[in-house]
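Reviewing the structure listed below.
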Amino acid sequence: MLMRLGRWLRLVGTDVANPGVADDPELVIRARQENRILITRDKRLAEVCRTAGVECILIQSTRLLGQLNEMAELGAKMELNPQRCTVCNGPLRGAVKCASDQFLHERTWECLVCGKLYWAGSHWKRIEDTLKQIRSEKDYP
Ligand SMILES: [Zn+2]
């Protein structure tokens, strides 16, 4: 239910697993095995985590911006940091220049797992603006 937030967290360099269709006990076991913090809006799941001793972040907001603000308050760095593929969470590496839409892009990254290419195009400016807005709301240094 927080997949959009997950993709944004990957944009700022966080390793975020996509649990897929796992049920609650499975999620908690997987979080423990992979030593991950479970992020959820489900109060009951958060309670299960607490009982099981798995670290959990209970998100309140139903909106993406609100959710990002909550993560920023918890110390997540809201700066574009291309290290993780937003689609598959695979690690990215700097790629050679790539051409798209008849433009040659200098800053490009390639997913080592699924091969998706990323480049600092016009959509990056929108992402950066959103992150800047969150930083300004949170008195970031
Ligand atoms: Zn990928």
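FYI, nothing fancy with the structure tokens labels: chains A, B, ... in order, residues from 1 per chain, ligands from 1 as they appear.
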May I have all residues of chain A that DSSP, computed from the backbone, assigns to strand (DSSP E), given as a ChimeraX atom specification? /A:38-40,56-58,92-94,98-100,103-105,108-111,117-119
Need to verify the contact set: stretch 110-127 of chain A, 6 Å, only C-alpha atoms, exclusion of same-chain residues closer than 5 positions in sequence. Can you return it as a JSON list (two decimals) with N, CA and C atoms, in the first residue's frame?
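The file below, part_10.json, is the result:
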[["chain", "number", "residue", "atom", "x", "y", "z"],
["A", 85, "CYS", "N", 17.43, 1.02, -8.30],
["A", 85, "CYS", "CA", 16.45, 1.03, -9.37],
["A", 85, "CYS", "C", 15.05, 1.20, -8.77],
["A", 90, "GLY", "N", 17.33, -3.00, -7.78],
["A", 90, "GLY", "CA", 18.69, -3.41, -8.10],
["A", 90, "GLY", "C", 19.65, -2.23, -7.97],
["A", 91, "PRO", "N", 20.95, -2.52, -7.73],
["A", 91, "PRO", "CA", 21.92, -1.42, -7.64],
["A", 91, "PRO", "C", 22.14, -0.76, -9.01],
["A", 92, "LEU", "N", 22.37, 0.54, -8.99],
["A", 92, "LEU", "CA", 22.65, 1.27, -10.23],
["A", 92, "LEU", "C", 24.14, 1.52, -10.36],
["A", 93, "ARG", "N", 24.60, 1.61, -11.60],
["A", 93, "ARG", "CA", 25.98, 2.06, -11.82],
["A", 93, "ARG", "C", 25.95, 3.12, -12.91],
["A", 95, "ALA", "N", 26.42, 4.90, -16.17],
["A", 95, "ALA", "CA", 26.48, 4.31, -17.50],
["A", 95, "ALA", "C", 27.09, 5.31, -18.46]]
Separation of atom CA of A:Gln60 and atom CA of A:Ala76, in Å? 16.0 Å
Which residues come within 9 Å of stretch 38-49 of chain A, counting only C-alpha atoms, excluding same-chain residues fewer than 6 positions away, as an NGL selection string? :A and (1-2 or 6 or 24-25 or 27-28 or 31 or 55-62)
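We find atom CA of A:Thr51 and atom CA of A:Asp23 to be spaced 16.5 Å apart.
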Among the residues of stretch 10-94 of chain A, find those DSSP assigns to alpha helix (DSSP H) from the backbone and print them as a ChimeraX atom specification. /A:10-11,24-33,43-52,64-73
For the residues in the current selection, export C-alpha atoms as a short mmCIF file (atom, residue, chain, number, x, y, z; two decimals), in the first residue's frame.
data_model
loop_
_atom_site.label_atom_id
_atom_site.label_comp_id
_atom_site.auth_asym_id
_atom_site.auth_seq_id
_atom_site.Cartn_x
_atom_site.Cartn_y
_atom_site.Cartn_z
CA ARG A 10 14.74 4.45 -3.68
CA LEU A 11 15.17 7.76 -5.51
CA ASP A 24 1.54 -10.13 7.63
CA PRO A 25 3.48 -12.93 9.38
CA GLU A 26 5.56 -13.45 6.21
CA LEU A 27 6.34 -9.71 6.04
CA VAL A 28 7.54 -9.66 9.62
CA ILE A 29 9.69 -12.79 9.16
CA ARG A 30 11.20 -11.36 5.98
CA ALA A 31 11.94 -8.01 7.61
CA ARG A 32 13.72 -9.83 10.40
CA GLN A 33 15.67 -12.12 8.04
CA LYS A 43 -1.63 -0.29 12.82
CA ARG A 44 -2.20 -3.99 13.41
CA LEU A 45 0.90 -4.94 11.43
CA ALA A 46 2.91 -2.36 13.38
CA GLU A 47 1.69 -4.02 16.58
CA VAL A 48 2.77 -7.45 15.29
CA CYS A 49 6.23 -5.98 14.58
CA ARG A 50 6.46 -4.54 18.08
CA THR A 51 5.59 -7.92 19.60
CA ALA A 52 8.11 -9.69 17.34
CA LEU A 64 2.72 10.82 -0.83
CA LEU A 65 3.97 14.26 0.23
CA GLY A 66 2.79 13.74 3.78
CA GLN A 67 4.44 10.33 3.84
CA LEU A 68 7.73 11.77 2.58
CA ASN A 69 7.50 14.45 5.26
CA GLU A 70 7.08 11.78 7.91
CA MET A 71 10.16 9.98 6.61
CA ALA A 72 12.11 13.26 6.57
CA GLU A 73 11.15 13.86 10.20
#
What gap, in Å, lies between atom CA of A:Ala22 and atom CA of A:Leu80? 29.2 Å
So which one's closest to A:Met3, A:Asn35, A:Ser136, A:Asn81, A:Thr86? Using only C-alpha atoms, please. A:Thr86
